[in-house]
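So this one's start.txt, compact mmCIF, C-alpha atoms:
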# COMPACT_ATOMS: atom_id res chain seq x y z
CA MET A 1 148.87 -6.50 157.37
CA MET A 2 151.08 -6.88 154.30
CA ASN A 3 154.49 -8.41 154.84
CA ARG A 4 157.82 -7.30 153.46
CA ARG A 5 157.80 -10.00 150.78
CA THR A 6 154.38 -8.84 149.54
CA VAL A 7 155.56 -5.25 149.33
CA LEU A 8 158.64 -6.25 147.39
CA THR A 9 156.69 -8.48 145.01
CA THR A 10 154.06 -5.88 144.19
CA ALA A 11 156.30 -2.86 144.00
CA VAL A 12 159.92 -3.30 143.05
CA ALA A 13 159.02 -3.57 139.38
CA ALA A 14 158.25 0.14 139.46
CA ALA A 15 161.90 0.96 139.96
CA ALA A 16 163.02 -1.16 137.03
CA ALA A 17 160.27 0.11 134.78
CA GLY A 18 161.35 3.73 135.16
CA PHE A 19 158.73 6.46 134.98
CA ALA A 20 155.22 6.58 133.59
CA THR A 21 155.82 9.61 131.44
CA GLY A 22 158.68 11.41 129.75
CA GLU A 23 162.32 10.67 129.01
CA ALA A 24 164.66 10.46 131.98
CA SER A 25 166.90 13.48 132.43
CA ALA A 26 170.66 13.12 132.82
CA ASP A 27 170.30 13.22 136.61
CA ASP A 28 167.61 10.54 136.53
CA LYS A 29 169.86 8.25 134.53
CA LYS A 30 172.61 8.62 137.13
CA ASN A 31 170.28 7.57 139.93
CA PRO A 32 168.58 4.14 139.67
CA PHE A 33 165.60 5.43 141.66
CA GLY A 34 165.27 8.63 139.61
CA LEU A 35 166.08 10.81 142.62
CA VAL A 36 167.37 14.28 141.74
CA TYR A 37 168.27 15.72 145.14
CA ARG A 38 171.70 16.00 146.74
CA ASP A 39 173.09 12.93 148.53
CA ALA A 40 170.23 10.77 147.31
CA ILE A 41 170.26 7.02 147.86
CA THR A 42 171.78 5.12 144.92
CA SER A 43 171.54 1.60 146.35
CA ASN A 44 170.07 -0.21 149.32
CA GLU A 45 172.87 -1.32 151.61
CA PRO A 46 172.79 -3.16 154.95
CA GLY A 47 172.94 -0.82 157.92
CA LYS A 48 171.83 2.25 155.95
CA VAL A 49 168.58 4.01 155.06
CA ASP A 50 166.77 2.10 152.30
CA ILE A 51 164.25 3.16 149.66
CA LEU A 52 161.51 0.92 148.30
CA PRO A 53 159.34 1.96 145.32
CA VAL A 54 155.76 0.84 145.96
CA ASN A 55 152.40 1.14 144.28
CA TYR A 56 148.83 0.90 145.45
CA LYS A 57 145.28 1.74 144.40
CA LEU A 58 143.48 4.89 145.48
CA GLY A 59 140.01 5.61 144.12
CA GLY A 60 140.66 3.15 141.30
CA LEU A 61 143.90 4.88 140.26
CA ASP A 62 147.42 3.51 140.39
CA ILE A 63 149.55 5.53 142.81
CA VAL A 64 153.35 5.30 142.83
CA ALA A 65 155.26 6.07 145.99
CA ASN A 66 158.61 5.62 147.69
CA VAL A 67 158.96 4.26 151.21
CA TYR A 68 162.15 5.09 153.10
CA THR A 69 163.11 2.87 156.02
CA PRO A 70 165.66 3.55 158.78
CA ALA A 71 169.08 1.96 159.03
CA GLY A 72 168.75 -1.49 160.51
CA TYR A 73 165.05 -1.67 159.67
CA SER A 74 163.44 -4.91 160.76
CA THR A 75 159.84 -6.06 160.56
CA ASP A 76 160.29 -7.34 164.09
CA LYS A 77 160.69 -3.79 165.37
CA THR A 78 158.21 -0.93 165.71
CA TYR A 79 158.73 2.50 164.15
CA PRO A 80 156.90 5.82 163.97
CA ALA A 81 156.02 6.89 160.42
CA ILE A 82 155.73 10.19 158.58
CA VAL A 83 153.72 10.99 155.45
CA VAL A 84 155.38 13.61 153.23
CA ALA A 85 153.24 15.58 150.73
CA HIS A 86 155.09 17.13 147.78
CA PRO A 87 154.78 20.68 146.40
CA ASN A 88 152.48 21.79 143.59
CA GLY A 89 153.91 20.55 140.31
CA GLY A 90 156.55 18.51 142.11
CA VAL A 91 157.13 14.78 142.36
CA LYS A 92 158.37 12.38 145.01
CA GLU A 93 161.91 12.32 143.62
CA GLN A 94 162.56 15.98 144.46
CA VAL A 95 162.29 17.86 147.77
CA ALA A 96 159.70 15.49 149.26
CA GLY A 97 162.15 12.63 148.77
CA LEU A 98 164.99 14.62 150.30
CA TYR A 99 163.06 15.25 153.50
CA ALA A 100 161.69 11.69 153.58
CA GLN A 101 165.23 10.35 153.34
CA ARG A 102 166.44 12.70 156.09
CA LEU A 103 163.54 11.68 158.34
CA ALA A 104 164.31 8.00 157.76
CA GLY A 105 167.82 8.84 158.89
CA GLU A 106 166.28 9.92 162.19
CA GLY A 107 164.55 6.58 162.69
CA TYR A 108 161.20 7.07 160.93
CA ILE A 109 159.54 5.11 158.16
CA ALA A 110 158.62 7.80 155.64
CA ILE A 111 156.42 7.70 152.55
CA THR A 112 156.02 10.18 149.73
CA ALA A 113 153.81 9.58 146.68
CA ASP A 114 153.11 11.27 143.38
CA ALA A 115 149.72 12.93 143.47
CA ALA A 116 146.92 11.31 141.50
CA TYR A 117 146.76 12.61 137.91
CA GLN A 118 150.36 13.80 138.30
CA GLY A 119 153.90 12.45 138.08
CA GLY A 120 154.06 8.69 137.70
CA SER A 121 150.62 8.09 139.22
CA GLY A 122 147.53 7.29 137.17
CA GLY A 123 144.60 9.46 136.17
CA GLN A 124 143.33 11.24 133.06
CA PRO A 125 143.50 13.96 131.97
CA ARG A 126 147.03 14.62 133.13
CA SER A 127 147.93 17.41 135.55
CA VAL A 128 144.54 17.74 137.20
CA ASP A 129 145.28 19.67 140.42
CA LYS A 130 142.16 19.74 142.56
CA PRO A 131 142.28 20.16 146.34
CA GLN A 132 139.99 17.20 146.99
CA ASN A 133 142.38 14.94 145.05
CA ARG A 134 145.50 16.19 146.80
CA ILE A 135 143.88 15.81 150.21
CA GLU A 136 142.74 12.29 149.37
CA ASP A 137 146.32 11.54 148.28
CA ILE A 138 147.43 12.30 151.84
CA HIS A 139 144.74 10.08 153.33
CA GLY A 140 145.81 7.38 150.87
CA MET A 141 149.44 7.55 151.95
CA ALA A 142 148.29 7.15 155.54
CA ASP A 143 146.14 4.17 154.52
CA PHE A 144 149.16 2.49 152.96
CA ILE A 145 151.80 3.25 155.57
CA THR A 146 149.63 2.20 158.52
CA ARG A 147 149.63 -1.31 157.02
CA TYR A 148 153.35 -1.33 156.34
CA PRO A 149 155.39 -3.87 158.32
CA GLY A 150 156.77 -2.40 161.54
CA VAL A 151 154.78 0.84 161.56
CA ASP A 152 153.37 1.99 164.90
CA VAL A 153 149.88 3.08 163.85
CA ALA A 154 149.59 5.21 166.99
CA CYS A 155 152.58 7.31 165.90
CA ILE A 156 151.90 8.75 162.42
CA GLY A 157 153.08 12.25 161.56
CA LEU A 158 152.51 14.48 158.54
CA LEU A 159 154.87 16.85 156.73
CA GLY A 160 153.56 18.99 153.88
CA ILE A 161 155.85 21.04 151.66
CA CYS A 162 154.71 24.11 149.69
CA GLY A 163 151.29 23.28 148.20
CA GLY A 164 151.50 19.95 150.01
CA GLY A 165 151.64 21.98 153.21
CA GLY A 166 148.30 23.62 152.53
CA TYR A 167 146.75 20.27 151.68
CA ALA A 168 148.33 18.72 154.79
CA LEU A 169 146.59 21.31 156.96
CA SER A 170 143.28 20.45 155.32
CA ALA A 171 143.79 16.69 155.63
CA ALA A 172 144.79 16.89 159.28
CA LYS A 173 141.65 18.77 160.27
CA ALA A 174 139.64 15.55 160.11
CA ASP A 175 142.20 12.74 159.88
CA LYS A 176 143.23 12.22 163.47
CA ARG A 177 145.51 9.33 162.55
CA PHE A 178 148.03 12.14 162.19
CA LYS A 179 149.26 12.80 165.70
CA SER A 180 151.29 15.85 164.69
CA ILE A 181 151.60 18.08 161.62
CA ALA A 182 154.48 20.09 160.20
CA THR A 183 154.62 22.33 157.15
CA LEU A 184 157.59 23.69 155.25
CA SER A 185 157.20 26.81 153.09
CA MET A 186 153.43 26.34 153.14
CA PHE A 187 151.64 27.54 150.00
CA ASN A 188 147.90 28.21 150.16
CA SER A 189 147.01 27.14 146.63
CA GLY A 190 143.40 28.30 146.84
CA ARG A 191 144.24 31.79 148.01
CA VAL A 192 146.91 32.27 145.34
CA ARG A 193 144.80 30.89 142.48
CA ARG A 194 141.90 33.07 143.62
CA ASN A 195 143.64 36.31 144.65
CA GLY A 196 146.95 36.06 142.84
CA PHE A 197 150.33 35.82 144.52
CA ALA A 198 150.55 38.34 147.37
CA ASP A 199 146.87 39.10 146.63
CA SER A 200 147.95 40.96 143.48
CA GLN A 201 144.95 39.99 141.29
CA LEU A 202 141.97 40.78 143.47
CA ASN A 203 140.41 43.03 140.81
CA THR A 204 140.28 40.23 138.21
CA VAL A 205 138.76 37.37 140.23
CA GLN A 206 135.36 37.41 138.51
CA ASP A 207 136.84 37.69 135.01
CA ARG A 208 139.11 34.74 135.69
CA LEU A 209 136.25 32.68 137.08
CA ARG A 210 134.33 33.26 133.86
CA GLN A 211 137.34 32.12 131.83
CA VAL A 212 137.67 29.01 133.97
CA SER A 213 133.98 28.22 133.58
CA GLN A 214 134.35 28.44 129.82
CA ALA A 215 137.39 26.13 129.95
CA ARG A 216 135.31 23.52 131.77
CA ALA A 217 132.47 23.87 129.26
CA GLN A 218 134.91 23.37 126.41
CA GLU A 219 136.47 20.32 128.07
CA VAL A 220 133.19 18.52 128.81
CA ALA A 221 132.00 19.24 125.26
CA GLY A 222 134.95 17.25 123.95
CA GLY A 223 137.07 20.22 123.00
CA GLU A 224 140.72 20.90 123.72
CA ILE A 225 141.75 20.59 127.36
CA LEU A 226 143.21 23.92 128.42
CA TYR A 227 146.15 24.24 130.80
CA SER A 228 147.37 27.01 133.07
CA GLY A 229 150.83 27.57 134.50
CA ASP A 230 153.11 28.23 131.54
CA ALA A 231 156.24 26.09 131.83
CA ASN A 232 157.86 27.24 128.57
CA LEU A 233 159.31 30.59 129.58
CA THR A 234 162.62 31.90 128.30
CA ASP A 235 165.39 32.90 130.70
CA GLU A 236 164.57 36.53 129.95
CA GLN A 237 160.89 36.00 130.78
CA ILE A 238 161.77 34.18 133.99
CA ALA A 239 164.07 37.02 135.07
CA LYS A 240 161.17 39.47 134.68
CA LEU A 241 158.76 37.52 136.91
CA PRO A 242 157.73 39.78 139.81
CA PHE A 243 158.13 37.22 142.61
CA GLU A 244 161.34 35.53 143.70
CA MET A 245 159.53 32.28 144.49
CA TYR A 246 158.56 31.88 140.85
CA ARG A 247 161.96 32.95 139.52
CA GLN A 248 163.77 30.47 141.74
CA GLY A 249 161.04 27.89 141.19
CA TYR A 250 161.66 27.79 137.46
CA ALA A 251 165.37 27.30 138.09
CA TYR A 252 164.69 24.48 140.57
CA TYR A 253 162.10 22.58 138.55
CA TRP A 254 163.55 23.07 135.09
CA GLN A 255 167.31 23.31 135.65
CA THR A 256 168.96 22.31 138.90
CA HIS A 257 166.47 19.64 140.06
CA ALA A 258 164.56 18.89 136.87
CA HIS A 259 162.56 15.68 136.61
CA PRO A 260 160.54 14.57 133.57
CA ASN A 261 157.42 13.98 135.66
CA ALA A 262 157.44 17.41 137.31
CA THR A 263 155.52 20.22 135.64
CA PHE A 264 154.07 23.60 136.50
CA LYS A 265 151.03 22.82 134.36
CA TYR A 266 147.57 22.14 135.69
CA THR A 267 144.25 21.90 133.89
CA THR A 268 142.47 25.24 133.78
CA ASN A 269 139.34 23.34 134.79
CA SER A 270 141.07 22.65 138.14
CA LEU A 271 140.73 26.33 139.00
CA LEU A 272 136.98 25.92 139.51
CA ASP A 273 137.82 23.93 142.63
CA LEU A 274 141.01 25.74 143.58
CA MET A 275 139.54 29.23 143.51
CA ARG A 276 136.72 28.38 145.93
CA TRP A 277 138.98 26.49 148.34
CA ASP A 278 141.32 27.79 151.03
CA ALA A 279 143.87 25.96 153.16
CA THR A 280 142.75 27.88 156.25
CA ASP A 281 139.05 27.02 156.03
CA GLN A 282 138.07 25.45 159.38
CA ILE A 283 141.74 25.22 160.33
CA ASP A 284 140.67 25.52 163.97
CA LEU A 285 139.69 21.83 163.72
CA ILE A 286 143.39 21.00 163.99
CA ASP A 287 143.97 20.13 167.63
CA GLN A 288 147.19 18.18 167.09
CA PRO A 289 150.66 19.66 167.68
CA LEU A 290 151.59 21.94 164.76
CA LEU A 291 154.98 23.16 163.55
CA MET A 292 155.13 25.61 160.65
CA ILE A 293 158.51 26.40 159.07
CA ALA A 294 159.29 29.00 156.41
CA GLY A 295 162.20 31.10 155.22
CA SER A 296 162.49 34.57 156.71
CA LYS A 297 163.09 36.02 153.23
CA ALA A 298 160.39 33.97 151.47
CA ASP A 299 157.88 36.14 149.63
CA SER A 300 155.38 33.38 150.45
CA LEU A 301 155.90 33.81 154.20
CA TYR A 302 152.62 35.69 154.55
CA MET A 303 150.70 32.46 153.87
CA THR A 304 152.37 30.59 156.72
CA LYS A 305 151.84 33.50 159.11
CA ASP A 306 148.17 33.77 158.17
CA ALA A 307 147.51 30.05 158.63
CA PHE A 308 149.44 29.94 161.89
CA ALA A 309 147.38 32.78 163.37
CA LYS A 310 144.13 31.06 162.36
CA ALA A 311 145.13 27.66 163.81
CA THR A 312 143.48 28.40 167.15
CA GLY A 313 142.34 24.84 167.86
CA THR A 314 145.78 23.71 169.04
CA LYS A 315 147.75 25.17 171.91
CA ASP A 316 150.85 23.21 170.94
CA LYS A 317 152.07 25.16 167.96
CA GLU A 318 155.22 26.90 166.79
CA LEU A 319 156.17 29.12 163.87
CA PHE A 320 159.86 28.91 162.98
CA GLU A 321 161.53 31.16 160.41
CA ILE A 322 164.75 29.95 158.82
CA GLU A 323 166.91 33.06 158.87
CA GLY A 324 167.91 34.24 155.39
CA ALA A 325 166.09 31.53 153.42
CA THR A 326 163.71 32.08 150.53
CA HIS A 327 160.86 29.69 149.71
CA ILE A 328 162.68 27.52 147.16
CA GLU A 329 165.98 27.57 149.07
CA THR A 330 164.36 25.54 151.85
CA TYR A 331 164.01 22.76 149.25
CA TRP A 332 167.68 22.15 148.65
CA VAL A 333 170.27 24.57 150.15
CA PRO A 334 172.10 22.35 152.68
CA LYS A 335 172.29 24.85 155.54
CA TYR A 336 168.58 25.65 155.24
CA VAL A 337 167.60 21.99 154.98
CA ASP A 338 169.71 21.35 158.07
CA ALA A 339 167.94 24.22 159.85
CA ALA A 340 164.53 22.77 158.97
CA MET A 341 165.58 19.31 160.13
CA GLY A 342 166.90 20.89 163.31
CA LYS A 343 163.30 21.77 164.16
CA LEU A 344 161.51 18.79 162.60
CA THR A 345 163.65 16.21 164.41
CA PRO A 346 162.86 17.26 168.00
CA PHE A 347 159.26 18.10 167.08
CA PHE A 348 158.47 14.65 165.75
CA ALA A 349 160.54 12.97 168.49
CA ARG A 350 158.37 14.69 171.09
CA THR A 351 155.01 14.23 169.40
CA LEU A 352 155.53 10.70 167.99
CA PRO A 353 157.04 8.91 170.97
CA SER A 354 157.08 5.40 169.56
CA GLY A 355 159.10 2.88 171.50
CA ARG A 356 161.16 1.93 168.40
CA THR A 357 161.31 -1.53 169.93
Would you write the structure of this file as structure tokens?
Amino acid sequence: MMNRRTVLTTAVAAAAAGFATGEASADDKKNPFGLVYRDAITSNEPGKVDILPVNYKLGGLDIVANVYTPAGYSTDKTYPAIVVAHPNGGVKEQVAGLYAQRLAGEGYIAITADAAYQGGSGGQPRSVDKPQNRIEDIHGMADFITRYPGVDVACIGLLGICGGGGYALSAAKADKRFKSIATLSMFNSGRVRRNGFADSQLNTVQDRLRQVSQARAQEVAGGEILYSGDANLTDEQIAKLPFEMYRQGYAYYWQTHAHPNATFKYTTNSLLDLMRWDATDQIDLIDQPLLMIAGSKADSLYMTKDAFAKATGTKDKELFEIEGATHIETYWVPKYVDAAMGKLTPFFARTLPSGRT
């Protein structure tokens, strides 16, 4: 097992070095850890929740992560731990960090990492977004945190947010190190990339698959790498988007909680894998306790309801709707974050009963 000194030696340089890509935004410059969420940690102080930037190897790639430890953390004590998977296009400094910090405030060691090929983590080309990579990212976070000083390896939980929620469901099917699983505003990336949001593009699936196949052929032939997910929309174009999740998503990622490492882009080649994948495939293999949370007004709610109904392998499951919340509002609106934590806290306390000795 690594000790605290080893972790500090190998990782703290990441905080001082800044980010792997892009100029820091104004918010990043205000926060020494680059965090862009409300009430984020600005310094590590005795008796309070701490944050430690860390890095590790996964499949030969450099992965950057943040570990949050509870107030009074000591390597002589034992703590339950929670892995937090970030949304599609997001990074650890946004909503994943917010919930990791809140969970640390409840006595957990929490880790959230930038996905491989994304954010500050390594991998070329940039912005590859394949399910197998995102799922392996979750396994990799578990690999790291189970060796972290003070972690009770018998009490590891998993929280997936948005696209990270869909990948969390897939990871937990086989990875029984996770004793319980929670999702927040779960987004089934495969279903949406295949069928369109709200299944609005069913009549163009085959045409889009042919376009994706051509994009891969062009890429492997040494041509230009094509990207999907336009991030350069005008305010007028954003206002005309048909789904509230996307309208509010642009505001969150590009205005109110912008971070230079966060992007909506993903390689078009990624769609070959995304369009034939689904977060609910073999979901009945999940036999661990499951909590699924989503906003009652989220236009993505149908994905959570569909996955919940198909999760027949566990009898310990709950679907909780946050009254009045949309998808993106569960990321940052204080009363909705509090509502989510009001369910996550007792759920993980019951299902991860570490002694916290």
*asked:* Can you pull out the residues contacting region 189-194 of chain A? Cut-off 12 Å, using all atoms listed in the file, and skip same-chain residues under 2 positions away; I want them as number ranges by chain.
replied: A: 87-89, 129-132, 134, 161-170, 186-187, 196-209, 212, 228-229, 266, 268, 270-281, 300, 302-304, 306-307
**Message:** As an exercise, work out the distance from CA of Asn66 (chain A) to CA of Leu52 (chain A) in Å and give it to one decimal place.
**Reply:**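 Atom-to-atom, CA of Asn66 (chain A) to CA of Leu52 (chain A), that is 5.6 Å.
Each of A:Ile145, A:Glu244, A:Gly249, A:Asp50 was compared to Ala262 (chain A) using all atoms listed in the file, and A:Gly249 turns out to be the nearest.
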Using all atoms listed in the file, the best pick from A:Arg177, A:Lys305, A:Lys315, A:His257 as closest to Val83 (chain A) would be A:Arg177
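Between CA of His327 (chain A) and CA of Ile82 (chain A) the separation is 22.0 Å.
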